[in-house]
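Asks: This is the content of model.txt (compact mmCIF, C-alpha atoms and all ligand atoms):
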```
# COMPACT_ATOMS: atom_id res chain seq x y z
CA MET A 1 -93.69 246.38 -89.76
CA LYS A 2 -91.98 249.27 -87.95
CA THR A 3 -94.37 251.49 -86.05
CA GLU A 4 -94.40 253.12 -82.65
CA LEU A 5 -96.93 250.50 -81.53
CA VAL A 6 -94.67 247.64 -82.60
CA SER A 7 -91.78 249.18 -80.62
CA SER A 8 -93.77 249.58 -77.41
CA PHE A 9 -95.37 246.12 -77.73
CA THR A 10 -91.89 244.62 -78.24
CA ARG A 11 -90.34 246.53 -75.36
CA ILE A 12 -92.75 245.14 -72.76
CA CYS A 13 -92.22 241.57 -74.06
CA THR A 14 -88.45 241.92 -73.75
CA GLU A 15 -88.41 243.65 -70.37
CA ALA A 16 -90.93 241.24 -68.89
CA TYR A 17 -88.92 238.28 -70.14
CA GLN A 18 -85.86 239.75 -68.41
CA GLN A 19 -87.86 239.91 -65.17
CA GLY A 20 -88.24 236.12 -65.29
CA TRP A 21 -92.01 236.23 -65.71
CA HIS A 22 -92.08 234.36 -69.04
CA GLU A 23 -90.49 230.94 -68.97
CA ARG A 24 -90.77 229.16 -72.32
CA ASN A 25 -94.05 230.35 -73.89
CA GLY A 26 -95.56 231.45 -70.56
CA GLY A 27 -97.69 234.59 -70.63
CA ASN A 28 -99.30 236.59 -73.42
CA LEU A 29 -100.12 240.18 -74.40
CA SER A 30 -102.93 241.86 -76.31
CA TYR A 31 -103.72 245.39 -77.41
CA ARG A 32 -106.91 246.90 -78.85
CA MET A 33 -105.67 249.02 -81.74
CA ARG A 34 -106.70 252.61 -82.37
CA GLU A 35 -108.16 253.42 -85.79
CA LYS A 36 -105.13 255.50 -86.75
CA GLU A 37 -102.84 252.60 -85.82
CA VAL A 38 -104.82 250.31 -88.11
CA GLU A 39 -104.68 252.89 -90.91
CA GLU A 40 -100.90 253.10 -90.58
CA VAL A 41 -100.57 249.43 -91.54
CA ARG A 42 -103.73 249.01 -93.63
CA ASP A 43 -101.82 248.16 -96.83
CA LEU A 44 -100.15 245.21 -95.10
CA LEU A 45 -103.35 243.58 -93.85
CA ASN A 46 -104.75 240.48 -95.51
CA GLU A 47 -108.52 240.83 -95.24
CA GLU A 48 -108.96 237.60 -97.25
CA ALA A 49 -107.84 235.44 -94.30
CA LYS A 50 -110.36 232.88 -93.11
CA TRP A 51 -112.63 233.45 -90.13
CA GLN A 52 -112.12 231.26 -87.08
CA ASP A 53 -114.26 230.76 -84.02
CA ILE A 54 -113.67 232.67 -80.80
CA ASP A 55 -114.42 230.49 -77.77
CA GLY A 56 -116.88 233.06 -76.41
CA CYS A 57 -118.65 236.06 -77.77
CA VAL A 58 -117.48 239.70 -77.69
CA PRO A 59 -120.08 241.76 -79.59
CA LYS A 60 -118.81 245.08 -78.19
CA LEU A 61 -115.50 244.45 -79.98
CA ALA A 62 -117.12 243.94 -83.40
CA ASN A 63 -114.87 244.85 -86.35
CA GLU A 64 -111.99 245.93 -84.09
CA TYR A 65 -108.32 245.03 -84.64
CA PHE A 66 -105.98 243.62 -81.99
CA MET A 67 -102.28 243.00 -81.72
CA VAL A 68 -101.73 239.75 -79.84
CA THR A 69 -98.93 237.28 -79.11
CA GLY A 70 -99.09 233.82 -80.67
CA SER A 71 -99.81 230.59 -78.86
CA GLY A 72 -96.67 228.67 -77.96
CA LYS A 73 -94.53 231.66 -78.87
CA TYR A 74 -91.80 232.87 -76.53
CA MET A 75 -91.85 236.45 -75.19
CA LYS A 76 -88.08 236.59 -75.52
CA ASN A 77 -88.35 236.02 -79.29
CA VAL A 78 -90.74 238.90 -80.01
CA GLN A 79 -87.81 241.30 -80.36
CA ARG A 80 -85.87 238.97 -82.65
CA ASP A 81 -88.74 238.20 -85.02
CA PHE A 82 -91.94 240.17 -84.49
CA ALA A 83 -93.79 238.79 -87.52
CA ASP A 84 -93.17 235.19 -86.44
CA ASN A 85 -94.44 235.69 -82.88
CA VAL A 86 -97.20 238.28 -83.03
CA ALA A 87 -100.44 238.65 -85.01
CA ILE A 88 -102.89 241.35 -85.83
CA ILE A 89 -106.39 239.91 -85.73
CA ARG A 90 -109.75 241.35 -86.65
CA VAL A 91 -113.01 240.44 -84.90
CA ASN A 92 -116.08 239.95 -87.12
CA GLU A 93 -119.25 241.98 -87.03
CA ASP A 94 -121.05 239.99 -84.35
CA GLY A 95 -118.03 239.25 -82.14
CA THR A 96 -118.06 235.46 -82.62
CA LYS A 97 -115.10 235.03 -85.00
CA TYR A 98 -111.66 236.42 -85.70
CA LYS A 99 -109.21 236.29 -88.58
CA ILE A 100 -105.45 236.73 -88.66
CA VAL A 101 -104.85 239.69 -90.96
CA TRP A 102 -101.13 240.01 -90.33
CA GLY A 103 -98.24 238.15 -88.67
CA LEU A 104 -97.63 234.62 -87.40
CA VAL A 105 -95.88 234.27 -90.72
CA ASN A 106 -94.65 230.76 -89.99
CA GLY A 107 -98.07 229.52 -88.97
CA GLY A 108 -99.82 229.23 -85.65
CA ARG A 109 -102.71 230.88 -83.91
CA PRO A 110 -103.22 233.65 -81.36
CA THR A 111 -102.58 232.88 -77.68
CA SER A 112 -104.59 230.05 -76.14
CA GLU A 113 -105.86 232.71 -73.70
CA LEU A 114 -107.51 234.67 -76.52
CA SER A 115 -110.96 234.24 -74.94
CA SER A 116 -109.76 235.78 -71.67
CA HIS A 117 -107.98 238.60 -73.48
CA LEU A 118 -110.95 239.50 -75.66
CA MET A 119 -113.52 239.19 -72.87
CA ASN A 120 -111.35 241.40 -70.67
CA LEU A 121 -110.81 243.93 -73.44
CA GLU A 122 -114.55 244.02 -74.01
CA VAL A 123 -115.46 244.87 -70.41
CA LEU A 124 -112.55 247.31 -70.20
CA LYS A 125 -113.72 249.15 -73.31
CA GLN A 126 -117.08 249.66 -71.67
CA ARG A 127 -115.48 250.77 -68.42
CA ASP A 128 -113.00 253.22 -69.97
CA ASP A 129 -112.37 253.39 -73.70
CA GLY A 130 -108.70 254.16 -73.06
CA LEU A 131 -107.98 250.82 -71.38
CA ARG A 132 -106.44 248.98 -74.34
CA VAL A 133 -103.80 246.64 -72.94
CA VAL A 134 -104.32 243.23 -71.33
CA TYR A 135 -101.25 241.42 -70.11
CA HIS A 136 -100.78 237.96 -68.60
CA ALA A 137 -97.59 236.68 -66.93
CA HIS A 138 -96.35 234.00 -64.52
CA PRO A 139 -94.52 235.99 -61.81
CA ALA A 140 -93.11 233.56 -59.26
CA ASN A 141 -93.75 235.34 -55.96
CA THR A 142 -97.36 236.15 -56.70
CA VAL A 143 -98.02 232.57 -57.78
CA ALA A 144 -96.18 231.24 -54.70
CA LEU A 145 -98.56 233.18 -52.45
CA THR A 146 -101.56 231.44 -54.03
CA PHE A 147 -100.42 228.26 -52.25
CA VAL A 148 -100.55 229.82 -48.79
CA LEU A 149 -103.15 232.58 -48.88
CA PRO A 150 -106.85 231.72 -48.91
CA VAL A 151 -108.83 232.08 -52.15
CA ASP A 152 -110.17 235.40 -50.99
CA GLY A 153 -109.61 238.66 -52.89
CA GLU A 154 -110.13 240.77 -49.78
CA VAL A 155 -107.41 238.97 -47.85
CA PHE A 156 -105.09 238.86 -50.86
CA THR A 157 -105.52 242.59 -51.46
CA ARG A 158 -105.04 243.52 -47.82
CA GLU A 159 -101.89 241.42 -47.37
CA ILE A 160 -100.37 242.84 -50.58
CA TRP A 161 -101.40 246.44 -49.83
CA GLU A 162 -99.69 246.20 -46.44
CA MET A 163 -96.35 245.34 -48.04
CA GLU A 164 -95.83 248.67 -49.74
CA THR A 165 -97.50 251.98 -49.01
CA GLU A 166 -97.67 252.77 -52.73
CA CYS A 167 -99.81 249.69 -53.45
CA PRO A 168 -103.24 251.14 -52.59
CA VAL A 169 -102.28 254.24 -54.60
CA VAL A 170 -101.36 252.16 -57.67
CA PHE A 171 -104.32 249.76 -57.50
CA PRO A 172 -106.96 251.31 -55.20
CA GLN A 173 -109.64 248.93 -56.57
CA GLY A 174 -107.73 246.00 -55.08
CA ILE A 175 -107.04 242.55 -56.51
CA GLY A 176 -109.55 239.96 -57.69
CA VAL A 177 -108.78 236.26 -57.46
CA VAL A 178 -109.80 233.26 -59.56
CA PRO A 179 -109.55 229.84 -57.89
CA TRP A 180 -107.57 227.23 -59.81
CA MET A 181 -109.27 226.45 -63.09
CA VAL A 182 -108.30 224.91 -66.39
CA PRO A 183 -106.77 227.74 -68.43
CA GLY A 184 -107.22 228.43 -72.11
CA GLY A 185 -110.97 228.70 -72.48
CA LYS A 186 -114.16 230.59 -72.10
CA GLU A 187 -114.97 229.71 -68.45
CA ILE A 188 -111.81 231.22 -66.98
CA GLY A 189 -112.26 234.17 -69.35
CA ILE A 190 -115.73 234.86 -67.96
CA LYS A 191 -114.46 234.78 -64.35
CA THR A 192 -111.55 237.09 -65.17
CA ALA A 193 -113.70 239.55 -67.12
CA GLU A 194 -116.07 239.70 -64.14
CA ILE A 195 -113.11 240.99 -62.08
CA MET A 196 -112.00 243.43 -64.81
CA LYS A 197 -115.38 245.16 -64.66
CA ARG A 198 -114.09 246.99 -61.60
CA GLN A 199 -110.49 246.00 -60.93
CA ASN A 200 -107.21 246.10 -62.84
CA VAL A 201 -105.56 242.99 -61.38
CA ALA A 202 -106.79 239.39 -61.47
CA ILE A 203 -104.77 236.58 -59.97
CA TRP A 204 -105.24 233.05 -61.26
CA TYR A 205 -104.44 230.66 -58.43
CA HIS A 206 -101.43 228.40 -59.06
CA HIS A 207 -100.94 229.98 -62.46
CA GLY A 208 -100.33 233.70 -62.90
CA MET A 209 -101.67 237.22 -63.12
CA PHE A 210 -103.72 239.31 -65.55
CA VAL A 211 -103.46 243.09 -65.53
CA CYS A 212 -104.78 245.87 -67.75
CA GLY A 213 -103.65 249.37 -68.61
CA HIS A 214 -104.13 252.41 -70.80
CA ASP A 215 -100.72 251.71 -72.27
CA PHE A 216 -97.96 249.12 -72.05
CA ASP A 217 -96.01 250.95 -69.35
CA GLU A 218 -99.04 251.14 -67.10
CA ALA A 219 -99.87 247.44 -67.46
CA TYR A 220 -96.26 246.41 -66.98
CA GLY A 221 -95.86 248.76 -64.01
CA LEU A 222 -98.90 247.28 -62.36
CA MET A 223 -97.58 243.73 -62.76
CA GLU A 224 -94.24 244.91 -61.38
CA THR A 225 -95.82 246.60 -58.34
CA VAL A 226 -97.95 243.61 -57.34
CA GLU A 227 -95.07 241.19 -57.91
CA LYS A 228 -92.63 243.29 -55.87
CA ALA A 229 -95.07 243.49 -52.96
CA ALA A 230 -95.58 239.73 -53.29
CA GLU A 231 -91.83 239.22 -53.14
CA MET A 232 -91.66 241.17 -49.89
CA LEU A 233 -94.51 239.16 -48.45
CA VAL A 234 -92.74 235.93 -49.40
CA LYS A 235 -89.62 237.21 -47.63
CA VAL A 236 -91.60 238.14 -44.53
CA MET A 237 -93.34 234.76 -44.51
CA SER A 238 -90.00 233.01 -44.81
CA MET A 239 -89.02 234.67 -41.51
CA SER A 240 -92.32 234.41 -39.68
CA ASP A 241 -95.97 233.54 -40.13
CA ARG A 242 -96.84 236.80 -38.33
CA LYS A 243 -96.28 240.51 -38.81
CA LEU A 244 -95.06 242.31 -35.70
CA ASN A 245 -95.79 245.72 -37.25
CA THR A 246 -97.85 246.70 -40.26
CA VAL A 247 -100.04 249.40 -41.80
CA THR A 248 -103.35 249.65 -39.95
CA PRO A 249 -106.82 250.16 -41.46
CA GLU A 250 -106.69 253.74 -40.14
CA GLY A 251 -103.34 254.16 -41.92
CA PHE A 252 -104.99 253.16 -45.20
CA ARG A 253 -107.83 255.64 -44.59
CA GLN A 254 -105.22 258.36 -44.12
CA ILE A 255 -103.57 257.36 -47.41
CA ALA A 256 -107.00 257.52 -49.07
CA ARG A 257 -107.55 261.07 -47.78
CA GLN A 258 -104.08 262.22 -48.77
CA TYR A 259 -104.28 260.83 -52.31
CA HIS A 260 -108.02 261.32 -52.82
CA LEU A 261 -108.66 257.60 -53.29
CA GLN A 262 -111.77 255.55 -52.80
CA LEU A 263 -110.56 252.53 -50.86
CA ASP A 264 -113.28 249.97 -50.40
CA GLU A 265 -113.90 249.37 -46.68
CA ARG A 266 -114.22 245.63 -47.31
CA TYR A 267 -110.40 245.52 -47.52
CA LEU A 268 -110.00 247.44 -44.26
CA TYR A 269 -111.37 244.86 -41.84
CA GLU A 270 -110.04 244.79 -38.27
CA LYS A 271 -107.76 241.76 -38.02
CA LYS A 272 -108.50 239.36 -35.20
CA SER A 273 -105.16 237.64 -35.64
CA ASP A 274 -101.62 238.76 -36.50
CA LYS A 275 -101.15 235.57 -38.52
CA ILE A 276 -100.55 236.40 -42.19
CA GLY A 277 -103.54 235.43 -44.32
CA GLU A 278 -106.01 235.33 -41.45
CA ARG A 279 -108.71 237.94 -41.10
P1 LIG A 301 -99.89 230.67 -74.96
O1 LIG A 301 -98.51 230.28 -75.43
O2 LIG A 301 -100.95 229.94 -75.72
O3 LIG A 301 -100.07 232.17 -74.99
O4 LIG A 301 -100.06 230.18 -73.46
C1 LIG A 301 -99.22 230.63 -72.45
C2 LIG A 301 -99.91 230.76 -71.16
O5 LIG A 301 -99.41 231.43 -70.27
C3 LIG A 301 -101.20 230.08 -70.93
O6 LIG A 301 -101.83 230.52 -69.77
ZN ZN A 302 -100.44 231.42 -68.33
```
For the file at hand, write its structure as structure tokens.
Replies:
Amino acid sequence: MKTELVSSFTRICTEAYQQGWHERNGGNLSYRMREKEVEEVRDLLNEEAKWQDIDGCVPKLANEYFMVTGSGKYMKNVQRDFADNVAIIRVNEDGTKYKIVWGLVNGGRPTSELSSHLMNLEVLKQRDDGLRVVYHAHPANTVALTFVLPVDGEVFTREIWEMETECPVVFPQGIGVVPWMVPGGKEIGIKTAEIMKRQNVAIWYHHGMFVCGHDFDEAYGLMETVEKAAEMLVKVMSMSDRKLNTVTPEGFRQIARQYHLQLDERYLYEKKSDKIGER
């Protein structure tokens, strides 16, 4: 299968692997296909495949097709053998089942995070029909911060925003956080989808990050921006538990005016302490 979609899906898998965000089979990627993209490959799809249960229910995605990485498959191998590592799945008419209509040619099933991906894609479709990509990775600096920052999306957002002036411009809705939970099921999917109703970044404590985008570049770029800011925060914290200088709430309001952003005031609290991670 050689289409534009396959090339862009592959490119993000390869580049993200090179970033070090995908040890072994870590991370996964999904994409809600456009009708014309399905038509392009229609002749290759096996509609006779058997239906399997989705852990969860996504009625707003009824009858849609998705390109998704396989469970236990390595991001680095997507480029080498796309059909072995990736599937196209179709959701049934009430959003309770899926079938593999293409790919995973040597067996296997879609990512163990399929529930999270589909639940996210469902809320994103309702929010903005163009948001088609959901991407999960294990970037080290972001995950490291989940061991030292409180489980508090407002604090997490504020500390990350402060690290790079571009951050509030790239993700003005801030970051949502999910406390440590068992991955791979419906419960964590529900929590993540709750975040995706309004925000584009969800951090799973002691695990990784979920982001969304209109296309692969946007999703990848968002992961990259958060992870780079996290890396700077890790560097700062390795020197000191305090910031001597930083961007002030008024500074953020000025950015908001300049770039015509709506920055939620809940992230712009006056800090009572200069200790990183304290309000
Ligand atoms: P899969 O190989 O099933 O996609 O799982 C990887 C992962 O990151 C789980 O959170
Ligand atoms: Zn993971």
Asks: If we count all atoms listed in the file and set the cut-off at 7 Å, which residues sit around A:Val177, ignoring sequence neighbours fewer than 6 positions away in its own chain? Please answer as an MDAnalysis selection string.
Replies: chainID A and resid 151:153 202:204
Asks: Between atom CA of A:Val170 and atom CA of A:Glu35, what distance in Å does the model show, to one decimal?
Replies: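 A separation of 29.0 Å between them.
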Asks: Can you pull out every residue within 8 Å of A:Leu263, counting only C-alpha atoms, but drop anything in the same chain fewer than 3 positions away, and send it as a list in words?
Replies: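 The filter keeps Pro168, Pro172, Gln173, Phe252, Arg253, Ala256 and Tyr267 of chain A.
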Asks: Got a sec to check which residues lie within 8 Å of ligand ZN 302 (chain A), using all atoms listed in the file, and send them as a PyMOL selection string?
Replies: chain A and resi 26-28+113+136-138+183+207-209
Asks: For C-alpha atoms, I'd like the residues from the last selection saved as a PDB file, in the coordinates of the input.
Replies:
```
ATOM      1  CA  GLY A  26     -95.560 231.450 -70.560  1.00  0.00           C
ATOM      2  CA  GLY A  27     -97.690 234.590 -70.630  1.00  0.00           C
ATOM      3  CA  ASN A  28     -99.300 236.590 -73.420  1.00  0.00           C
ATOM      4  CA  GLU A 113    -105.860 232.710 -73.700  1.00  0.00           C
ATOM      5  CA  HIS A 136    -100.780 237.960 -68.600  1.00  0.00           C
ATOM      6  CA  ALA A 137     -97.590 236.680 -66.930  1.00  0.00           C
ATOM      7  CA  HIS A 138     -96.350 234.000 -64.520  1.00  0.00           C
ATOM      8  CA  PRO A 183    -106.770 227.740 -68.430  1.00  0.00           C
ATOM      9  CA  HIS A 207    -100.940 229.980 -62.460  1.00  0.00           C
ATOM     10  CA  GLY A 208    -100.330 233.700 -62.900  1.00  0.00           C
ATOM     11  CA  MET A 209    -101.670 237.220 -63.120  1.00  0.00           C
TER      12      MET A 209
END
```
Asks: Between atom CA of A:Leu114 and atom CA of A:Tyr74, measure the distance and give it in Å to one decimal.
Replies: 15.8 Å
Asks: Residues within 12 Å of ligand LIG 301 (chain A), counting all atoms listed in the file: report them as a ChimeraX atom specification.
Replies: /A:21-30,68-75,85-87,108-117,135-139,180-185,188-189,203-210
Asks: Please identify all polymer residues within 7 Å of stretch 225-242 of chain A, counting all atoms listed in the file, omitting same-chain residues fewer than 3 positions from it, and present them as a list in words.
Replies: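 Using all atoms listed in the file, the neighbours found are Pro139, Asn141, Thr142, Ile160, Met163, Glu164, Gly221, Leu222, Asp274, Lys275 and Ile276 of chain A.
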Asks: Which residue is closest to A:Lys125? Choose from A:Gly103, A:Pro179, A:Gly213, A:Pro150 and count all atoms listed in the file.
Replies: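 Closest residue, counting all atoms listed in the file: A:Gly213.
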Asks: Would you compute the distance between atom CA of A:Phe82 and atom CA of A:Ser8? Give it in Å to one decimal.
Replies: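 Computing it gives 11.9 Å between the two atoms.
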Asks: For A:Ile255, work out the shell of residues within 12 Å, counting all atoms listed in the file and skipping chain neighbours fewer than 2 positions away, then give it as a VMD selection string.
Replies: chain A and resid 161 to 162 164 to 170 172 247 to 253 257 to 263
Asks: Provide stretch 93-104 of chain A of the preceding structure as a file containing all heavy atoms, as a short mmCIF file (atom, residue, chain, number, x, y, z; two decimals), in the first residue's frame.
Replies:
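So the final result, stored in result_4.cif, reads:
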```cif
data_model
loop_
_atom_site.label_atom_id
_atom_site.label_comp_id
_atom_site.auth_asym_id
_atom_site.auth_seq_id
_atom_site.Cartn_x
_atom_site.Cartn_y
_atom_site.Cartn_z
N GLU A 93 -21.57 -0.37 13.12
CA GLU A 93 -22.57 0.71 13.03
C GLU A 93 -23.08 1.23 14.36
O GLU A 93 -23.76 2.27 14.38
CB GLU A 93 -23.72 0.35 12.09
CG GLU A 93 -24.37 -0.97 12.38
CD GLU A 93 -25.19 -1.41 11.18
OE1 GLU A 93 -24.82 -1.06 10.05
OE2 GLU A 93 -26.20 -2.09 11.42
N ASP A 94 -22.78 0.54 15.47
CA ASP A 94 -23.16 1.17 16.75
C ASP A 94 -21.94 1.53 17.62
O ASP A 94 -22.08 1.91 18.78
CB ASP A 94 -24.19 0.32 17.53
CG ASP A 94 -23.63 -1.02 17.95
OD1 ASP A 94 -22.44 -1.27 17.69
OD2 ASP A 94 -24.38 -1.81 18.56
N GLY A 95 -20.75 1.39 17.05
CA GLY A 95 -19.55 1.83 17.76
C GLY A 95 -19.12 0.93 18.91
O GLY A 95 -18.41 1.36 19.82
N THR A 96 -19.51 -0.36 18.85
CA THR A 96 -19.12 -1.29 19.92
C THR A 96 -18.08 -2.31 19.45
O THR A 96 -17.48 -2.99 20.27
CB THR A 96 -20.34 -2.09 20.43
OG1 THR A 96 -20.93 -2.74 19.30
CG2 THR A 96 -21.36 -1.18 21.10
N LYS A 97 -17.90 -2.44 18.13
CA LYS A 97 -16.97 -3.44 17.60
C LYS A 97 -16.11 -2.85 16.49
O LYS A 97 -16.46 -1.82 15.91
CB LYS A 97 -17.75 -4.64 17.05
CG LYS A 97 -18.49 -5.44 18.11
CD LYS A 97 -19.19 -6.62 17.49
CE LYS A 97 -20.18 -7.27 18.44
NZ LYS A 97 -19.56 -7.84 19.65
N TYR A 98 -15.01 -3.56 16.23
CA TYR A 98 -14.16 -3.17 15.10
C TYR A 98 -13.75 -4.44 14.36
O TYR A 98 -13.80 -5.54 14.91
CB TYR A 98 -12.92 -2.41 15.60
CG TYR A 98 -11.89 -3.32 16.25
CD1 TYR A 98 -10.89 -3.92 15.50
CD2 TYR A 98 -11.94 -3.60 17.61
CE1 TYR A 98 -9.96 -4.77 16.09
CE2 TYR A 98 -11.01 -4.44 18.21
CZ TYR A 98 -10.03 -5.03 17.45
OH TYR A 98 -9.12 -5.88 18.02
N LYS A 99 -13.31 -4.27 13.12
CA LYS A 99 -12.68 -5.39 12.41
C LYS A 99 -11.45 -4.89 11.68
O LYS A 99 -11.39 -3.71 11.29
CB LYS A 99 -13.67 -6.08 11.47
CG LYS A 99 -14.20 -5.24 10.33
CD LYS A 99 -15.24 -6.02 9.53
CE LYS A 99 -15.86 -5.16 8.45
NZ LYS A 99 -16.98 -5.81 7.76
N ILE A 100 -10.47 -5.79 11.55
CA ILE A 100 -9.23 -5.44 10.85
C ILE A 100 -9.46 -5.70 9.37
O ILE A 100 -9.58 -6.85 8.96
CB ILE A 100 -8.05 -6.29 11.37
CG1 ILE A 100 -7.85 -6.06 12.88
CG2 ILE A 100 -6.77 -5.98 10.59
CD1 ILE A 100 -6.81 -6.99 13.53
N VAL A 101 -9.52 -4.63 8.58
CA VAL A 101 -9.81 -4.82 7.16
C VAL A 101 -8.55 -4.82 6.30
O VAL A 101 -8.59 -5.17 5.12
CB VAL A 101 -10.82 -3.77 6.64
CG1 VAL A 101 -12.18 -3.96 7.29
CG2 VAL A 101 -10.31 -2.34 6.86
N TRP A 102 -7.44 -4.44 6.91
CA TRP A 102 -6.17 -4.48 6.17
C TRP A 102 -5.02 -4.50 7.18
O TRP A 102 -5.14 -3.95 8.29
CB TRP A 102 -6.04 -3.23 5.28
CG TRP A 102 -4.79 -3.26 4.44
CD1 TRP A 102 -4.65 -3.83 3.22
CD2 TRP A 102 -3.50 -2.74 4.81
NE1 TRP A 102 -3.35 -3.70 2.79
CE2 TRP A 102 -2.63 -3.04 3.75
CE3 TRP A 102 -3.01 -2.08 5.93
CZ2 TRP A 102 -1.28 -2.68 3.77
CZ3 TRP A 102 -1.66 -1.72 5.96
CH2 TRP A 102 -0.81 -2.01 4.88
N GLY A 103 -3.90 -5.10 6.81
CA GLY A 103 -2.66 -5.00 7.59
C GLY A 103 -2.53 -6.05 8.68
O GLY A 103 -3.28 -7.02 8.71
N LEU A 104 -1.54 -5.84 9.54
CA LEU A 104 -1.16 -6.82 10.56
C LEU A 104 -1.11 -8.21 9.92
O LEU A 104 -1.70 -9.17 10.42
CB LEU A 104 -2.11 -6.78 11.76
CG LEU A 104 -2.01 -5.50 12.63
CD1 LEU A 104 -3.07 -5.50 13.73
CD2 LEU A 104 -0.62 -5.33 13.25
#
```
